[in-house]
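input17.txt follows; it contains compact mmCIF, C-alpha atoms.
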```txt
# COMPACT_ATOMS: atom_id res chain seq x y z
CA MET A 1 0.00 0.00 0.00
CA ASP A 2 1.23 3.48 -0.82
CA HIS A 3 1.72 5.68 2.22
CA ARG A 4 0.67 9.00 0.79
CA LEU A 5 -0.60 10.99 3.79
CA LEU A 6 2.24 12.50 5.83
CA VAL A 7 1.74 13.60 9.45
CA PRO A 8 4.56 15.45 11.25
CA VAL A 9 4.32 14.57 14.97
CA ASP A 10 5.82 15.88 18.19
CA PHE A 11 3.97 13.30 20.35
CA SER A 12 1.58 15.91 21.78
CA GLN A 13 -2.20 15.56 21.99
CA ILE A 14 -2.40 17.88 18.98
CA SER A 15 -0.33 15.34 17.04
CA VAL A 16 -2.68 12.58 18.19
CA ASN A 17 -5.61 14.55 16.80
CA ALA A 18 -3.83 15.11 13.47
CA VAL A 19 -2.96 11.40 13.15
CA ASN A 20 -6.54 10.38 13.89
CA TYR A 21 -7.76 12.84 11.27
CA ALA A 22 -5.33 11.41 8.69
CA LEU A 23 -6.38 7.86 9.54
CA GLY A 24 -9.98 8.88 8.97
CA LEU A 25 -9.14 10.34 5.55
CA ALA A 26 -6.91 7.47 4.41
CA PRO A 27 -9.70 5.16 3.15
CA ALA A 28 -10.90 7.85 0.74
CA PHE A 29 -7.37 8.04 -0.68
CA ASN A 30 -6.93 4.25 -0.48
CA CYS A 31 -3.53 4.78 1.11
CA GLY A 32 -1.56 4.44 4.31
CA VAL A 33 -0.15 7.08 6.64
CA VAL A 34 3.43 8.13 7.35
CA LEU A 35 4.38 9.63 10.71
CA LEU A 36 7.47 11.84 10.74
CA HIS A 37 9.34 13.11 13.79
CA VAL A 38 12.30 15.43 13.34
CA VAL A 39 14.97 15.62 16.08
CA ASP A 40 17.60 18.31 16.45
CA ASP A 41 20.61 16.01 16.32
CA GLU A 42 21.64 12.40 15.64
CA GLU A 43 22.21 11.79 19.36
CA TYR A 44 18.46 12.25 20.00
CA LYS A 45 17.37 9.81 17.30
CA GLN A 46 17.20 6.69 19.49
CA LYS A 47 15.17 8.53 22.12
CA GLY A 48 12.86 9.77 19.39
CA GLU A 49 12.41 6.24 18.04
CA ARG A 50 11.46 4.99 21.52
CA GLU A 51 8.95 7.80 21.90
CA MET A 52 7.57 7.09 18.42
CA GLU A 53 7.05 3.43 19.35
CA LYS A 54 5.04 4.42 22.44
CA PHE A 55 3.15 7.06 20.46
CA LEU A 56 2.21 4.57 17.74
CA ALA A 57 0.87 2.02 20.24
CA GLN A 58 -2.18 4.17 21.05
CA PHE A 59 -3.66 3.91 17.54
CA GLU A 60 -5.86 0.89 16.91
CA THR A 61 -6.47 0.84 13.18
CA ASP A 62 -6.40 -1.34 10.09
CA ILE A 63 -4.71 1.48 8.16
CA SER A 64 -1.04 0.81 7.44
CA ILE A 65 1.27 3.22 9.27
CA LYS A 66 4.97 3.79 8.63
CA THR A 67 7.19 5.86 10.92
CA PHE A 68 10.38 7.85 10.42
CA VAL A 69 12.56 9.61 12.98
CA ILE A 70 15.23 11.76 11.37
CA PRO A 71 17.73 14.36 12.57
CA GLY A 72 17.43 17.64 10.76
CA ASN A 73 15.57 20.91 10.44
CA LEU A 74 11.83 20.82 11.07
CA PHE A 75 11.02 23.51 8.52
CA GLU A 76 13.10 21.99 5.72
CA ASP A 77 12.72 18.26 6.23
CA ILE A 78 8.94 18.07 6.30
CA ALA A 79 8.97 19.58 2.81
CA LYS A 80 11.76 17.22 1.70
CA ALA A 81 9.94 14.17 3.06
CA ALA A 82 6.70 15.21 1.35
CA GLU A 83 8.52 15.51 -1.97
CA LEU A 84 10.51 12.29 -1.57
CA LEU A 85 7.45 10.24 -0.62
CA GLU A 86 5.30 11.96 -3.27
CA VAL A 87 2.54 12.40 -0.72
CA TYR A 88 -0.98 13.43 -1.63
CA MET A 89 -1.20 15.72 1.38
CA VAL A 90 0.48 16.71 4.64
CA VAL A 91 -1.85 16.66 7.64
CA MET A 92 -0.52 18.84 10.43
CA GLY A 93 -1.91 20.06 13.75
CA THR A 94 -1.53 23.55 15.16
CA SER A 95 -0.97 24.47 18.78
CA GLY A 96 -4.45 25.68 19.55
CA LEU A 97 -4.09 28.69 17.26
CA LYS A 98 -7.32 30.39 16.23
CA GLY A 99 -8.01 32.57 13.23
CA LEU A 100 -6.24 32.82 9.92
CA GLN A 101 -4.01 35.65 11.04
CA TYR A 102 -2.63 33.56 13.92
CA LEU A 103 -2.21 30.46 11.79
CA PHE A 104 -0.24 32.31 9.14
CA GLY A 105 1.85 34.07 11.76
CA SER A 106 2.92 30.76 13.31
CA HIS A 107 5.65 28.25 12.60
CA ALA A 108 3.12 26.50 10.37
CA LEU A 109 3.61 29.25 7.80
CA ARG A 110 7.32 28.53 7.41
CA ILE A 111 6.64 24.83 6.89
CA VAL A 112 3.83 25.38 4.41
CA THR A 113 5.86 27.96 2.49
CA SER A 114 8.78 25.59 2.00
CA ALA A 115 6.71 22.70 0.58
CA SER A 116 4.99 22.06 -2.73
CA ALA A 117 2.51 19.48 -1.37
CA PRO A 118 -0.88 20.70 -0.15
CA PHE A 119 -1.35 20.93 3.60
CA LEU A 120 -4.43 20.14 5.62
CA ILE A 121 -3.98 21.96 8.91
CA THR A 122 -6.24 20.75 11.71
CA GLN A 123 -7.46 22.52 14.79
CA GLU A 124 -6.62 21.55 18.34
CA GLN A 125 -9.77 19.43 18.47
CA PRO A 126 -10.66 18.75 14.84
CA PRO A 127 -14.13 17.61 13.79
CA ARG A 128 -14.83 14.21 12.27
CA PRO A 129 -12.45 13.39 9.41
CA LYS A 130 -15.08 13.81 6.72
CA ILE A 131 -15.14 16.62 4.20
CA GLU A 132 -18.60 17.56 2.93
CA THR A 133 -18.46 21.37 2.83
CA ILE A 134 -15.50 23.34 1.48
CA VAL A 135 -15.27 27.14 1.69
CA VAL A 136 -13.06 28.76 -0.97
CA PRO A 137 -12.31 32.47 -0.50
CA VAL A 138 -12.20 34.53 -3.71
CA ASP A 139 -10.27 37.80 -3.57
CA LEU A 140 -7.83 39.87 -5.64
CA ALA A 141 -4.86 37.60 -6.14
CA SER A 142 -4.58 35.55 -9.31
CA GLU A 143 -2.83 32.82 -7.27
CA ASP A 144 -6.18 32.09 -5.66
CA LYS A 145 -7.14 30.37 -8.91
CA HIS A 146 -4.66 27.60 -8.09
CA ILE A 147 -6.64 26.49 -5.07
CA LEU A 148 -9.62 25.64 -7.26
CA SER A 149 -7.84 22.56 -8.59
CA LEU A 150 -7.33 21.15 -5.08
CA ALA A 151 -10.84 22.14 -4.03
CA LEU A 152 -12.20 20.41 -7.13
CA GLN A 153 -10.26 17.23 -6.39
CA SER A 154 -11.46 17.28 -2.79
CA ALA A 155 -15.06 17.85 -3.87
CA ARG A 156 -14.90 14.81 -6.15
CA LEU A 157 -13.04 12.63 -3.67
CA PHE A 158 -15.40 13.31 -0.78
CA ASP A 159 -18.54 14.22 -2.74
CA ALA A 160 -18.37 17.65 -1.10
CA LYS A 161 -20.04 20.94 -1.95
CA ILE A 162 -17.95 24.06 -2.61
CA HIS A 163 -18.93 27.46 -1.24
CA LEU A 164 -17.23 30.37 -3.02
CA PHE A 165 -16.93 33.25 -0.56
CA VAL A 166 -16.25 36.46 -2.47
CA ALA A 167 -14.51 39.45 -0.88
CA HIS A 168 -16.18 42.84 -0.66
CA HIS A 169 -14.25 45.85 -1.98
CA THR A 170 -15.31 49.47 -2.28
CA ASP A 171 -12.72 50.69 -4.79
CA GLU A 172 -13.32 49.97 -8.47
CA PHE A 173 -9.91 48.42 -9.22
CA SER A 174 -10.13 45.81 -6.43
CA ARG A 175 -13.77 45.14 -7.17
CA ASN A 176 -13.07 44.48 -10.85
CA ASN A 177 -10.15 42.14 -10.10
CA THR A 178 -12.21 40.17 -7.63
CA TYR A 179 -15.11 40.03 -10.10
CA ARG A 180 -12.82 38.53 -12.78
CA ASN A 181 -11.55 35.91 -10.35
CA GLU A 182 -15.11 35.07 -9.33
CA LYS A 183 -16.16 34.58 -12.94
CA PHE A 184 -13.08 32.43 -13.58
CA ALA A 185 -14.06 30.24 -10.61
CA HIS A 186 -17.59 29.88 -11.99
CA ARG A 187 -16.35 28.84 -15.43
CA TYR A 188 -13.77 26.45 -13.98
CA LEU A 189 -16.24 24.67 -11.72
CA ASP A 190 -18.99 24.66 -14.36
CA ASP A 191 -16.60 23.12 -16.88
CA HIS A 192 -15.85 20.32 -14.43
CA ASN A 193 -19.50 19.82 -13.39
CA ILE A 194 -18.86 20.67 -9.74
CA HIS A 195 -21.81 21.85 -7.65
CA TYR A 196 -21.10 25.12 -5.84
CA THR A 197 -22.71 28.10 -4.13
CA THR A 198 -21.50 31.71 -4.32
CA ILE A 199 -21.81 34.04 -1.35
CA HIS A 200 -20.60 37.66 -1.24
CA ALA A 201 -19.05 39.09 1.91
CA GLU A 202 -20.81 42.12 3.34
CA GLY A 203 -17.62 43.98 4.13
CA LYS A 204 -18.67 44.85 7.68
CA ASN A 205 -15.58 43.15 9.14
CA SER A 206 -12.19 42.05 7.82
CA PHE A 207 -12.35 39.45 5.08
CA ASP A 208 -10.51 36.92 7.27
CA LYS A 209 -13.07 37.31 10.03
CA GLU A 210 -16.00 37.07 7.63
CA ILE A 211 -14.53 33.88 6.12
CA LEU A 212 -14.40 32.25 9.55
CA GLU A 213 -17.88 33.45 10.46
CA TYR A 214 -19.30 32.03 7.24
CA ALA A 215 -17.41 28.76 7.70
CA ASP A 216 -19.02 28.43 11.13
CA LEU A 217 -22.43 29.30 9.70
CA VAL A 218 -22.33 26.47 7.14
CA SER A 219 -20.44 24.05 9.43
CA ALA A 220 -17.58 23.89 6.93
CA ASP A 221 -15.20 20.96 7.10
CA MET A 222 -12.42 22.75 5.20
CA ILE A 223 -11.33 26.26 4.26
CA ALA A 224 -9.18 26.07 1.14
CA VAL A 225 -6.65 28.90 0.86
CA VAL A 226 -3.46 29.69 -0.99
CA ASN A 227 -0.43 30.69 1.05
CA HIS A 228 0.93 33.92 -0.40
CA LYS A 229 4.62 33.89 0.47
CA GLU A 230 4.81 37.63 0.88
```
Once more with this new file: its structure as structure tokens, please.
Amino acid sequence: MDHRLLVPVDFSQISVNAVNYALGLAPAFNCGVVLLHVVDDEEYKQKGEREMEKFLAQFETDISIKTFVIPGNLFEDIAKAAELLEVYMVVMGTSGLKGLQYLFGSHALRIVTSASAPFLITQEQPPRPKIETIVVPVDLASEDKHILSLALQSARLFDAKIHLFVAHHTDEFSRNNTYRNEKFAHRYLDDHNIHYTTIHAEGKNSFDKEILEYADLVSADMIAVVNHKE
């Protein structure tokens, strides 16, 4: 069996949650799960392997799990492992961070930025590992178009519905750019026969906050976003 879901672990409860989420997703991908722990130096590798063995023992599952403990740099080696293993996705937990601005200000940003594989970043206590509702923000940046491909694949894989959440802008230039991106999203999803809904933000709060409020409103299972390196 291919092991195409990668979960970086530090043996915390947050890592446990991320592993359980990956194990729940694995049947949809028809794949196994790889657990990766990165230690600072070779001298800590044996200790890490002992901790990994204890960590692994708590998961009762029929899903195949492989483990790796390697010395190196956390930010670089997760990306390298994802590329080497040709993983479908990296599933990673955050340390109880809330809100997009906190997520993208955390160490998670450096890891996501350095990798080409898509990341599914779970909350401290993630919901059931089933993806039925996906919120896709639509704003100014042309790079946002790239997320549609992953959202489309996820919608097909999990038979999920996509909600396009379109930013509100008052100036004509920003409004026109966002409008073009919205129409591109409509054409792209229509061409691939994907069911979707389009909602426009009211602009009463920041776009980030309105995304999260809407995601709560529709009980979204995923918010699909592009990481802009700048």
Would you mind listing what lies within 12 Å of range 66-73 of chain A as a PDB file with C-alpha atoms, in the frame of the given file, with all atoms listed in the file counted and same-chain residues fewer than 2 positions away left out?
```pdb
ATOM      1  CA  MET A   1       0.000   0.000   0.000  1.00  0.00           C
ATOM      2  CA  ASP A   2       1.230   3.480  -0.820  1.00  0.00           C
ATOM      3  CA  HIS A   3       1.720   5.680   2.220  1.00  0.00           C
ATOM      4  CA  ARG A   4       0.670   9.000   0.790  1.00  0.00           C
ATOM      5  CA  LEU A   5      -0.600  10.990   3.790  1.00  0.00           C
ATOM      6  CA  LEU A   6       2.240  12.500   5.830  1.00  0.00           C
ATOM      7  CA  VAL A   7       1.740  13.600   9.450  1.00  0.00           C
ATOM      8  CA  PRO A   8       4.560  15.450  11.250  1.00  0.00           C
ATOM      9  CA  VAL A   9       4.320  14.570  14.970  1.00  0.00           C
ATOM     10  CA  ASP A  10       5.820  15.880  18.190  1.00  0.00           C
ATOM     11  CA  PHE A  11       3.970  13.300  20.350  1.00  0.00           C
ATOM     12  CA  VAL A  19      -2.960  11.400  13.150  1.00  0.00           C
ATOM     13  CA  CYS A  31      -3.530   4.780   1.110  1.00  0.00           C
ATOM     14  CA  GLY A  32      -1.560   4.440   4.310  1.00  0.00           C
ATOM     15  CA  VAL A  33      -0.150   7.080   6.640  1.00  0.00           C
ATOM     16  CA  VAL A  34       3.430   8.130   7.350  1.00  0.00           C
ATOM     17  CA  LEU A  35       4.380   9.630  10.710  1.00  0.00           C
ATOM     18  CA  LEU A  36       7.470  11.840  10.740  1.00  0.00           C
ATOM     19  CA  HIS A  37       9.340  13.110  13.790  1.00  0.00           C
ATOM     20  CA  VAL A  38      12.300  15.430  13.340  1.00  0.00           C
ATOM     21  CA  VAL A  39      14.970  15.620  16.080  1.00  0.00           C
ATOM     22  CA  ASP A  40      17.600  18.310  16.450  1.00  0.00           C
ATOM     23  CA  ASP A  41      20.610  16.010  16.320  1.00  0.00           C
ATOM     24  CA  GLU A  42      21.640  12.400  15.640  1.00  0.00           C
ATOM     25  CA  GLU A  43      22.210  11.790  19.360  1.00  0.00           C
ATOM     26  CA  TYR A  44      18.460  12.250  20.000  1.00  0.00           C
ATOM     27  CA  LYS A  45      17.370   9.810  17.300  1.00  0.00           C
ATOM     28  CA  GLN A  46      17.200   6.690  19.490  1.00  0.00           C
ATOM     29  CA  LYS A  47      15.170   8.530  22.120  1.00  0.00           C
ATOM     30  CA  GLY A  48      12.860   9.770  19.390  1.00  0.00           C
ATOM     31  CA  GLU A  49      12.410   6.240  18.040  1.00  0.00           C
ATOM     32  CA  ARG A  50      11.460   4.990  21.520  1.00  0.00           C
ATOM     33  CA  GLU A  51       8.950   7.800  21.900  1.00  0.00           C
ATOM     34  CA  MET A  52       7.570   7.090  18.420  1.00  0.00           C
ATOM     35  CA  GLU A  53       7.050   3.430  19.350  1.00  0.00           C
ATOM     36  CA  LYS A  54       5.040   4.420  22.440  1.00  0.00           C
ATOM     37  CA  PHE A  55       3.150   7.060  20.460  1.00  0.00           C
ATOM     38  CA  LEU A  56       2.210   4.570  17.740  1.00  0.00           C
ATOM     39  CA  ALA A  57       0.870   2.020  20.240  1.00  0.00           C
ATOM     40  CA  ILE A  63      -4.710   1.480   8.160  1.00  0.00           C
ATOM     41  CA  SER A  64      -1.040   0.810   7.440  1.00  0.00           C
ATOM     42  CA  PHE A  75      11.020  23.510   8.520  1.00  0.00           C
ATOM     43  CA  GLU A  76      13.100  21.990   5.720  1.00  0.00           C
ATOM     44  CA  ASP A  77      12.720  18.260   6.230  1.00  0.00           C
ATOM     45  CA  ILE A  78       8.940  18.070   6.300  1.00  0.00           C
ATOM     46  CA  ALA A  79       8.970  19.580   2.810  1.00  0.00           C
ATOM     47  CA  LYS A  80      11.760  17.220   1.700  1.00  0.00           C
ATOM     48  CA  ALA A  81       9.940  14.170   3.060  1.00  0.00           C
ATOM     49  CA  LEU A  85       7.450  10.240  -0.620  1.00  0.00           C
ATOM     50  CA  ARG A 110       7.320  28.530   7.410  1.00  0.00           C
ATOM     51  CA  ILE A 111       6.640  24.830   6.890  1.00  0.00           C
ATOM     52  CA  SER A 114       8.780  25.590   2.000  1.00  0.00           C
TER      53      SER A 114
END
```
> Could you name the residues that touch Met222 in chain A at 12 Å or less, counting all atoms listed in the file, but leaving out those on the same chain fewer than 2 positions away, as a PyMOL selection string?
Replying inline: chain A and resi 119-123+126-137+150-151+154-155+158+160-163+211-212+214-216+218-220+224-225
> So what do you get for CA of Met89 in chain A versus CA of Ala22 in chain A, distance-wise?
Replying inline: 9.4 Å
> When distances are computed from all atoms listed in the file, which of A:Thr170, A:Asp62, A:Asp208, A:Glu86 shows the smallest separation from Ile223 in chain A?
Replying inline: A:Asp208
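One finds CA of Thr61 in chain A at 20.2 Å from CA of Tyr88 in chain A.
Reported to one decimal place, the separation of CA of Ile65 in chain A from CA of Ala82 in chain A is 15.4 Å.
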> Mind listing as number ranges by chain all residues within 6 Å of (-19.2, 35.2, 3.6), counting only C-alpha atoms?
Replying inline: A: 165, 199-201, 210-211, 214
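Residues with any atom within 8 Å of Gly203 in chain A, counting all atoms listed in the file and excluding same-chain neighbours fewer than 3 positions away, are Ala167, His168, His169, Ser206, Phe207 and Glu210 of chain A.
With all atoms listed in the file taken into account, the protein and nucleic acid residues at most 7 Å from Asn177 in chain A (excluding it and anything under 4 positions from it in its own chain) are Leu140, Phe173 and Asn181 of chain A.
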Listed atoms of range 194-212 of chain A boxed axis-aligned with 4 Å per side, centre + edges as lines of an AutoDock Vina configuration file:
```
center_x = -16.6
center_y = 32.8
center_z = 0.1
size_x = 20.2
size_y = 32.2
size_z = 27.8
```
> With all atoms listed in the file as the basis for distance, which of A:Leu25, A:Ile14, A:Leu217, A:Ile194 is at the shortest distance from Asp159 in chain A?
Replying inline: A:Ile194
> Could you pull the residues within 10 Å of range 187-190 of chain A, counting only C-alpha atoms, minus those fewer than 3 positions along the same chain, as an MDAnalysis selection string?
Replying inline: chainID A and resid 145 148:149 151:152 162 181:184 193:196
